[in-house]
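Visitor: Okay, so here is my_file14.tsv, and as you'll see once you scroll down, it has TSV, N, CA and C atoms and all ligand atoms.
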```tsv
chain	number	residue	atom	x	y	z
A	809	MET	N	129.00	210.46	268.05
A	809	MET	CA	128.46	209.21	268.57
A	809	MET	C	129.50	208.10	268.43
A	810	GLU	N	129.59	207.31	269.46
A	810	GLU	CA	130.53	206.20	269.44
A	810	GLU	C	129.81	204.99	270.03
A	811	ALA	N	130.09	203.83	269.49
A	811	ALA	CA	129.45	202.62	270.01
A	811	ALA	C	130.46	201.49	269.94
A	812	THR	N	130.25	200.50	270.77
A	812	THR	CA	131.16	199.37	270.80
A	812	THR	C	130.39	198.08	270.57
A	813	GLY	N	131.15	197.04	270.21
A	813	GLY	CA	130.53	195.75	270.00
A	813	GLY	C	131.58	194.67	270.06
A	814	GLY	N	131.15	193.43	269.88
A	814	GLY	CA	132.10	192.34	269.91
A	814	GLY	C	131.41	191.00	269.75
A	815	CYS	N	132.23	189.97	269.85
A	815	CYS	CA	131.73	188.61	269.63
A	815	CYS	C	131.24	188.00	270.95
A	816	LEU	N	130.70	186.82	270.84
A	816	LEU	CA	130.11	186.16	272.01
A	816	LEU	C	131.15	185.84	273.09
A	817	CYS	N	132.34	185.40	272.68
A	817	CYS	CA	133.34	185.00	273.70
A	817	CYS	C	134.15	186.17	274.21
A	818	GLY	N	134.09	187.32	273.53
A	818	GLY	CA	134.79	188.51	274.00
A	818	GLY	C	136.19	188.67	273.44
A	819	ALA	N	136.66	187.73	272.62
A	819	ALA	CA	138.02	187.82	272.07
A	819	ALA	C	138.15	189.01	271.12
A	820	ILE	N	137.07	189.30	270.38
A	820	ILE	CA	137.11	190.43	269.44
A	820	ILE	C	136.18	191.53	269.94
A	821	ARG	N	136.73	192.73	270.00
A	821	ARG	CA	135.95	193.92	270.34
A	821	ARG	C	136.20	194.96	269.26
A	822	TYR	N	135.21	195.78	269.00
A	822	TYR	CA	135.39	196.84	268.02
A	822	TYR	C	134.65	198.10	268.45
A	823	ARG	N	135.00	199.18	267.77
A	823	ARG	CA	134.38	200.47	268.06
A	823	ARG	C	133.96	201.12	266.74
A	824	VAL	N	132.79	201.70	266.71
A	824	VAL	CA	132.34	202.46	265.55
A	824	VAL	C	132.13	203.92	265.99
A	825	THR	N	132.38	204.81	265.05
A	825	THR	CA	132.28	206.24	265.35
A	825	THR	C	131.35	206.90	264.36
A	826	GLY	N	130.50	207.77	264.86
A	826	GLY	CA	129.59	208.50	263.98
A	826	GLY	C	128.39	207.67	263.61
A	827	ALA	N	127.54	208.23	262.77
A	827	ALA	CA	126.32	207.55	262.36
A	827	ALA	C	126.62	206.61	261.20
A	828	PRO	N	125.90	205.49	261.12
A	828	PRO	CA	126.10	204.60	259.98
A	828	PRO	C	125.63	205.26	258.68
A	829	GLU	N	126.22	204.84	257.57
A	829	GLU	CA	125.79	205.31	256.26
A	829	GLU	C	124.41	204.75	255.93
A	830	ALA	N	124.12	203.57	256.44
A	830	ALA	CA	122.84	202.92	256.19
A	830	ALA	C	122.69	201.78	257.19
A	831	THR	N	121.46	201.34	257.36
A	831	THR	CA	121.21	200.13	258.14
A	831	THR	C	120.20	199.29	257.37
A	832	SER	N	120.31	197.97	257.49
A	832	SER	CA	119.39	197.12	256.73
A	832	SER	C	119.22	195.77	257.42
A	833	LEU	N	118.17	195.11	257.02
A	833	LEU	CA	117.96	193.73	257.44
A	833	LEU	C	117.98	192.88	256.18
A	834	CYS	N	118.93	191.95	256.12
A	834	CYS	CA	119.14	191.20	254.88
A	834	CYS	C	118.61	189.77	255.01
A	835	HIS	N	117.87	189.36	253.99
A	835	HIS	CA	117.29	188.02	253.96
A	835	HIS	C	118.02	187.10	252.99
A	836	CYS	N	119.20	187.51	252.52
A	836	CYS	CA	119.84	186.71	251.46
A	836	CYS	C	120.37	185.37	252.00
A	837	PHE	N	120.53	184.46	251.08
A	837	PHE	CA	120.99	183.11	251.43
A	837	PHE	C	122.34	183.14	252.13
A	838	SER	N	123.26	183.96	251.63
A	838	SER	CA	124.62	183.96	252.20
A	838	SER	C	124.64	184.45	253.64
A	839	CYS	N	123.87	185.51	253.92
A	839	CYS	CA	123.81	186.00	255.31
A	839	CYS	C	123.21	184.93	256.21
A	840	ARG	N	122.19	184.29	255.67
A	840	ARG	CA	121.51	183.26	256.46
A	840	ARG	C	122.46	182.11	256.79
A	841	ARG	N	123.11	181.60	255.77
A	841	ARG	CA	123.97	180.44	255.97
A	841	ARG	C	125.21	180.79	256.79
A	842	SER	N	125.71	182.01	256.63
A	842	SER	CA	126.93	182.38	257.36
A	842	SER	C	126.68	182.54	258.85
A	843	THR	N	125.45	182.78	259.24
A	843	THR	CA	125.15	182.98	260.66
A	843	THR	C	124.34	181.83	261.25
A	844	GLY	N	123.63	181.09	260.41
A	844	GLY	CA	122.69	180.10	260.93
A	844	GLY	C	121.39	180.73	261.39
A	845	GLY	N	121.21	182.01	261.14
A	845	GLY	CA	119.97	182.70	261.50
A	845	GLY	C	119.11	182.94	260.27
A	846	PRO	N	117.83	183.23	260.44
A	846	PRO	CA	116.92	183.39	259.30
A	846	PRO	C	117.11	184.70	258.54
A	847	SER	N	117.75	185.70	259.14
A	847	SER	CA	118.05	186.97	258.47
A	847	SER	C	119.17	187.63	259.27
A	848	LEU	N	119.70	188.70	258.74
A	848	LEU	CA	120.85	189.32	259.40
A	848	LEU	C	120.78	190.84	259.24
A	849	ALA	N	120.86	191.55	260.36
A	849	ALA	CA	120.83	193.01	260.32
A	849	ALA	C	122.25	193.56	260.25
A	850	TRP	N	122.40	194.62	259.43
A	850	TRP	CA	123.70	195.24	259.19
A	850	TRP	C	123.67	196.72	259.49
A	851	ALA	N	124.77	197.22	260.05
A	851	ALA	CA	125.01	198.65	260.17
A	851	ALA	C	126.24	198.95	259.33
A	852	ILE	N	126.07	199.82	258.34
A	852	ILE	CA	127.08	200.04	257.30
A	852	ILE	C	127.80	201.36	257.57
A	853	PHE	N	129.09	201.27	257.78
A	853	PHE	CA	129.87	202.44	258.16
A	853	PHE	C	130.93	202.73	257.10
A	854	ALA	N	131.38	203.99	257.07
A	854	ALA	CA	132.60	204.30	256.33
A	854	ALA	C	133.72	203.48	256.96
A	855	GLU	N	134.57	202.95	256.09
A	855	GLU	CA	135.61	202.01	256.52
A	855	GLU	C	136.46	202.57	257.68
A	856	ASP	N	136.75	203.86	257.61
A	856	ASP	CA	137.63	204.44	258.64
A	856	ASP	C	136.89	204.76	259.94
A	857	LYS	N	135.61	204.43	260.00
A	857	LYS	CA	134.84	204.67	261.23
A	857	LYS	C	134.71	203.40	262.07
A	858	VAL	N	135.30	202.31	261.59
A	858	VAL	CA	135.24	201.05	262.33
A	858	VAL	C	136.67	200.66	262.72
A	859	GLU	N	136.87	200.38	263.98
A	859	GLU	CA	138.19	200.00	264.47
A	859	GLU	C	138.07	198.72	265.30
A	860	ILE	N	138.87	197.72	264.94
A	860	ILE	CA	138.95	196.51	265.77
A	860	ILE	C	139.87	196.85	266.94
A	861	THR	N	139.35	196.81	268.15
A	861	THR	CA	140.13	197.27	269.31
A	861	THR	C	140.78	196.12	270.06
A	862	SER	N	140.29	194.90	269.88
A	862	SER	CA	141.02	193.76	270.43
A	862	SER	C	140.70	192.51	269.63
A	863	GLY	N	141.68	191.62	269.54
A	863	GLY	CA	141.52	190.40	268.77
A	863	GLY	C	141.74	190.65	267.29
A	864	GLN	N	141.57	189.59	266.50
A	864	GLN	CA	141.79	189.69	265.06
A	864	GLN	C	140.70	188.92	264.34
A	865	LEU	N	140.11	189.53	263.33
A	865	LEU	CA	139.05	188.87	262.58
A	865	LEU	C	139.58	187.68	261.80
A	866	ALA	N	138.84	186.60	261.81
A	866	ALA	CA	139.04	185.55	260.83
A	866	ALA	C	138.18	185.91	259.62
A	867	ILE	N	138.64	185.54	258.41
A	867	ILE	CA	137.94	185.97	257.20
A	867	ILE	C	137.47	184.77	256.40
A	868	HIS	N	136.21	184.83	255.97
A	868	HIS	CA	135.70	183.85	255.01
A	868	HIS	C	135.27	184.59	253.75
A	869	ARG	N	135.79	184.15	252.60
A	869	ARG	CA	135.39	184.77	251.34
A	869	ARG	C	134.17	184.01	250.80
A	870	SER	N	132.99	184.60	251.00
A	870	SER	CA	131.75	183.89	250.70
A	870	SER	C	131.38	183.99	249.23
A	871	SER	N	131.88	184.96	248.54
A	871	SER	CA	131.70	185.15	247.10
A	871	SER	C	132.95	185.87	246.62
A	872	PRO	N	133.21	185.86	245.30
A	872	PRO	CA	134.38	186.60	244.81
A	872	PRO	C	134.33	188.06	245.27
A	873	GLY	N	135.38	188.52	245.92
A	873	GLY	CA	135.46	189.91	246.35
A	873	GLY	C	134.75	190.22	247.65
A	874	VAL	N	134.12	189.22	248.25
A	874	VAL	CA	133.39	189.45	249.49
A	874	VAL	C	134.14	188.81	250.66
A	875	GLU	N	134.37	189.60	251.69
A	875	GLU	CA	135.02	189.08	252.89
A	875	GLU	C	134.10	189.24	254.09
A	876	ARG	N	133.76	188.12	254.70
A	876	ARG	CA	132.96	188.12	255.92
A	876	ARG	C	133.90	187.84	257.09
A	877	GLY	N	133.90	188.75	258.06
A	877	GLY	CA	134.77	188.62	259.22
A	877	GLY	C	134.01	188.01	260.39
A	878	PHE	N	134.70	187.12	261.10
A	878	PHE	CA	134.05	186.45	262.24
A	878	PHE	C	135.10	186.14	263.29
A	879	CYS	N	134.66	185.75	264.47
A	879	CYS	CA	135.59	185.36	265.52
A	879	CYS	C	136.00	183.91	265.31
A	880	GLY	N	137.30	183.68	265.20
A	880	GLY	CA	137.80	182.33	264.98
A	880	GLY	C	137.65	181.43	266.20
A	881	GLN	N	137.38	182.01	267.34
A	881	GLN	CA	137.21	181.21	268.56
A	881	GLN	C	135.77	180.82	268.79
A	882	CYS	N	134.84	181.77	268.66
A	882	CYS	CA	133.44	181.46	269.00
A	882	CYS	C	132.52	181.48	267.79
A	883	GLY	N	132.99	182.02	266.65
A	883	GLY	CA	132.22	181.94	265.42
A	883	GLY	C	131.25	183.08	265.16
A	884	THR	N	131.15	184.04	266.06
A	884	THR	CA	130.21	185.15	265.84
A	884	THR	C	130.52	185.87	264.53
A	885	SER	N	129.49	186.08	263.71
A	885	SER	CA	129.64	186.86	262.48
A	885	SER	C	129.72	188.34	262.85
A	886	LEU	N	130.73	189.03	262.33
A	886	LEU	CA	130.96	190.41	262.78
A	886	LEU	C	130.98	191.45	261.68
A	887	THR	N	131.60	191.15	260.54
A	887	THR	CA	131.81	192.21	259.56
A	887	THR	C	131.61	191.71	258.13
A	888	TYR	N	131.50	192.68	257.23
A	888	TYR	CA	131.32	192.40	255.81
A	888	TYR	C	132.01	193.50	255.01
A	889	ALA	N	132.78	193.11	254.01
A	889	ALA	CA	133.39	194.08	253.10
A	889	ALA	C	133.34	193.50	251.70
A	890	ARG	N	133.20	194.38	250.70
A	890	ARG	CA	133.07	193.93	249.31
A	890	ARG	C	134.00	194.77	248.44
A	891	ALA	N	134.79	194.10	247.63
A	891	ALA	CA	135.82	194.79	246.85
A	891	ALA	C	135.22	195.82	245.89
A	892	ASN	N	134.04	195.53	245.32
A	892	ASN	CA	133.45	196.48	244.37
A	892	ASN	C	132.56	197.51	245.05
A	893	ARG	N	132.69	197.60	246.35
A	893	ARG	CA	131.99	198.63	247.12
A	893	ARG	C	133.00	199.21	248.12
A	894	PRO	N	134.06	199.82	247.58
A	894	PRO	CA	135.18	200.23	248.44
A	894	PRO	C	134.77	201.33	249.41
A	895	GLY	N	135.49	201.37	250.54
A	895	GLY	CA	135.29	202.47	251.48
A	895	GLY	C	134.22	202.22	252.52
A	896	LEU	N	133.50	201.10	252.40
A	896	LEU	CA	132.46	200.79	253.37
A	896	LEU	C	132.79	199.49	254.09
A	897	PHE	N	132.39	199.44	255.34
A	897	PHE	CA	132.68	198.27	256.17
A	897	PHE	C	131.47	198.07	257.07
A	898	ASP	N	130.86	196.93	256.99
A	898	ASP	CA	129.62	196.69	257.72
A	898	ASP	C	129.89	195.89	258.99
A	899	VAL	N	129.12	196.18	260.00
A	899	VAL	CA	129.15	195.33	261.19
A	899	VAL	C	127.76	194.75	261.40
A	900	THR	N	127.71	193.56	261.96
A	900	THR	CA	126.42	192.95	262.24
A	900	THR	C	125.78	193.70	263.41
A	901	THR	N	124.57	194.18	263.18
A	901	THR	CA	123.91	195.04	264.17
A	901	THR	C	123.81	194.34	265.53
A	902	ALA	N	123.55	193.05	265.50
A	902	ALA	CA	123.34	192.34	266.76
A	902	ALA	C	124.63	192.08	267.52
A	903	SER	N	125.79	192.35	266.88
A	903	SER	CA	127.05	192.24	267.64
A	903	SER	C	127.40	193.56	268.33
A	904	LEU	N	126.65	194.62	268.04
A	904	LEU	CA	126.84	195.87	268.77
A	904	LEU	C	126.31	195.70	270.19
A	905	ASP	N	126.93	196.41	271.14
A	905	ASP	CA	126.49	196.27	272.53
A	905	ASP	C	125.08	196.83	272.73
A	906	ASP	N	124.69	197.79	271.88
A	906	ASP	CA	123.34	198.35	271.96
A	906	ASP	C	122.66	198.30	270.59
A	907	PRO	N	122.22	197.13	270.18
A	907	PRO	CA	121.60	197.00	268.84
A	907	PRO	C	120.35	197.86	268.69
A	908	GLU	N	119.69	198.17	269.79
A	908	GLU	CA	118.48	199.00	269.73
A	908	GLU	C	118.78	200.40	269.18
A	909	ALA	N	120.03	200.81	269.27
A	909	ALA	CA	120.40	202.14	268.80
A	909	ALA	C	120.58	202.20	267.28
A	910	PHE	N	120.56	201.03	266.61
A	910	PHE	CA	120.82	200.97	265.17
A	910	PHE	C	119.76	200.15	264.44
A	911	PRO	N	118.50	200.51	264.56
A	911	PRO	CA	117.46	199.69	263.93
A	911	PRO	C	117.56	199.72	262.41
A	912	PRO	N	117.24	198.61	261.77
A	912	PRO	CA	117.26	198.61	260.30
A	912	PRO	C	116.20	199.57	259.75
A	913	THR	N	116.54	200.24	258.65
A	913	THR	CA	115.60	201.17	258.03
A	913	THR	C	115.04	200.62	256.73
A	914	LYS	N	115.49	199.43	256.33
A	914	LYS	CA	114.93	198.79	255.14
A	914	LYS	C	115.24	197.31	255.20
A	915	GLU	N	114.48	196.55	254.43
A	915	GLU	CA	114.74	195.11	254.32
A	915	GLU	C	115.15	194.82	252.89
A	916	ILE	N	116.17	193.99	252.75
A	916	ILE	CA	116.70	193.70	251.42
A	916	ILE	C	116.74	192.19	251.16
A	917	TRP	N	116.84	191.85	249.89
A	917	TRP	CA	116.87	190.47	249.42
A	917	TRP	C	115.62	189.69	249.86
A	918	LEU	N	114.46	190.38	249.73
A	918	LEU	CA	113.20	189.71	250.09
A	918	LEU	C	112.94	188.50	249.21
A	919	GLU	N	113.50	188.51	248.00
A	919	GLU	CA	113.24	187.37	247.10
A	919	GLU	C	113.87	186.07	247.62
A	920	GLU	N	114.78	186.20	248.59
A	920	GLU	CA	115.37	184.98	249.18
A	920	GLU	C	114.86	184.73	250.60
A	921	ARG	N	113.88	185.50	251.01
A	921	ARG	CA	113.37	185.38	252.39
A	921	ARG	C	112.71	184.02	252.63
A	922	LEU	N	112.94	183.47	253.82
A	922	LEU	CA	112.24	182.26	254.22
A	922	LEU	C	110.76	182.59	254.44
A	923	SER	N	109.90	181.69	254.02
A	923	SER	CA	108.46	181.99	254.09
A	923	SER	C	107.97	182.19	255.51
A	924	TRP	N	108.63	181.54	256.46
A	924	TRP	CA	108.19	181.67	257.85
A	924	TRP	C	108.86	182.79	258.61
A	925	GLU	N	109.76	183.52	257.95
A	925	GLU	CA	110.40	184.69	258.57
A	925	GLU	C	109.61	185.92	258.14
A	926	ALA	N	108.84	186.48	259.06
A	926	ALA	CA	107.95	187.59	258.70
A	926	ALA	C	108.76	188.82	258.31
A	927	ALA	N	108.33	189.49	257.25
A	927	ALA	CA	108.91	190.78	256.90
A	927	ALA	C	108.17	191.86	257.69
A	928	ASN	N	108.86	192.97	257.92
A	928	ASN	CA	108.27	194.07	258.67
A	928	ASN	C	107.61	195.04	257.70
A	929	PRO	N	106.28	195.10	257.66
A	929	PRO	CA	105.61	195.95	256.67
A	929	PRO	C	105.86	197.44	256.90
A	930	ALA	N	106.39	197.80	258.05
A	930	ALA	CA	106.66	199.22	258.31
A	930	ALA	C	107.94	199.70	257.61
A	931	LEU	N	108.73	198.76	257.10
A	931	LEU	CA	109.99	199.14	256.46
A	931	LEU	C	109.91	199.02	254.95
A	932	PRO	N	110.63	199.89	254.22
A	932	PRO	CA	110.75	199.71	252.77
A	932	PRO	C	111.38	198.36	252.48
A	933	GLN	N	110.90	197.72	251.43
A	933	GLN	CA	111.37	196.37	251.13
A	933	GLN	C	111.85	196.28	249.69
A	934	PHE	N	112.92	195.53	249.52
A	934	PHE	CA	113.54	195.42	248.21
A	934	PHE	C	113.78	193.95	247.87
A	935	ALA	N	113.51	193.59	246.63
A	935	ALA	CA	113.68	192.21	246.21
A	935	ALA	C	115.14	191.78	246.30
A	936	GLN	N	116.03	192.70	245.93
A	936	GLN	CA	117.46	192.45	246.08
A	936	GLN	C	118.03	193.58	246.93
A	937	PHE	N	119.20	194.10	246.57
A	937	PHE	CA	119.69	195.21	247.38
A	937	PHE	C	119.10	196.51	246.84
A	938	SER	N	118.95	197.48	247.74
A	938	SER	CA	118.19	198.68	247.38
A	938	SER	C	119.03	199.67	246.59
A	939	THR	N	120.31	199.76	246.89
A	939	THR	CA	121.20	200.61	246.11
A	939	THR	C	122.51	199.85	246.01
A	940	ALA	N	123.06	199.79	244.85
A	940	ALA	CA	124.29	199.02	244.66
A	940	ALA	C	125.41	199.56	245.54
A	941	ALA	N	125.26	200.79	246.00
A	941	ALA	CA	126.36	201.43	246.72
A	941	ALA	C	126.59	200.87	248.12
A	942	THR	N	125.56	200.49	248.81
A	942	THR	CA	125.77	200.25	250.23
A	942	THR	C	125.55	198.84	250.73
A	943	GLU	N	124.57	198.14	250.23
A	943	GLU	CA	124.19	196.93	250.93
A	943	GLU	C	125.12	195.74	250.69
A	944	PRO	N	125.10	194.83	251.67
A	944	PRO	CA	125.73	193.55	251.41
A	944	PRO	C	125.02	192.85	250.24
A	945	GLU	N	125.69	191.92	249.63
A	945	GLU	CA	124.99	191.08	248.68
A	945	GLU	C	125.58	189.67	248.78
A	946	SER	N	124.97	188.78	248.14
A	946	SER	CA	125.34	187.37	248.28
A	946	SER	C	126.81	187.14	247.98
B	1	ZN	ZN	134.61	185.23	270.01
B	2	ZN	ZN	122.72	189.27	252.91
```
Just give me the structure as structure tokens.
Guide:
Amino acid sequence: MEATGGCLCGAIRYRVTGAPEATSLCHCFSCRRSTGGPSLAWAIFAEDKVEITSGQLAIHRSSPGVERGFCGQCGTSLTYARANRPGLFDVTTASLDDPEAFPPTKEIWLEERLSWEAANPALPQFAQFSTAATEPES
């Protein structure tokens, strides 16, 4: 399986290969503030399964060891990497060309959820991250 994605202006394009290691919908403060949206969906891939095919990510270090990649021209949030979670590289699900193909399978950081942002009762829910191994964190 192969899928492509990119930012709003088209300067950055990327390709992912194979199935994600995990998918999630994150309600944490950092995801919210970094995008301006009430929550953020992630598709988490092995680092070598994600390739930037055009353009170059701009990086914001939102916490020690955390790098959030975005388009420096249009601002679209695109990627997440964490030093203490090596080998994984996340892409924002909604920046994929077909986000419907990568639905979140759990919701994380519910303790920081906005009261007016409904949680999906059909998904497993976690107060913080569900496993230290995979999810983004603040
Ligand atoms: Zn852009
Ligand atoms: Zn988050």
Visitor: Record the distance separating atom C of Glu920 of chain A and atom CA of Ile867 of chain A, expressed in Å with one decimal.
Guide: 24.0 Å
Visitor: Within 8 Å of ligand ZN 1 (chain B), counting all atoms listed in the file, which protein or nucleic acid residues do you find, written as a list in words?
Guide: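 Sorted by chain and then by number, the residues are Gly814, Cys815, Leu816, Cys817, Gly818, Ala819, Ile820, Arg821, Phe878, Cys879, Gly880, Gln881, Cys882, Gly883 and Thr884 of chain A.
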Visitor: Within 10 Å of (126.5, 205.9, 259.8) (coordinates as in the file), grab all the protein and nucleic acid residues, counting only C-alpha atoms, and write them out as a VMD selection string.
Guide: chain A and resid 809 824 to 831 851 to 854 857 898 910
Visitor: Under the rule that only N, CA and C atoms are counted, which of A:Gly877, A:Pro932, A:Glu915, A:Asp856 is the nearest residue to Leu896 of chain A?
Guide: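 When distances to Leu896 of chain A are compared using only N, CA and C atoms, the smallest one comes from A:Asp856.
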Visitor: Quote the spacing between atom N of Asp905 of chain A and atom C of His835 of chain A in Å to one decimal place.
Guide: 22.3 Å
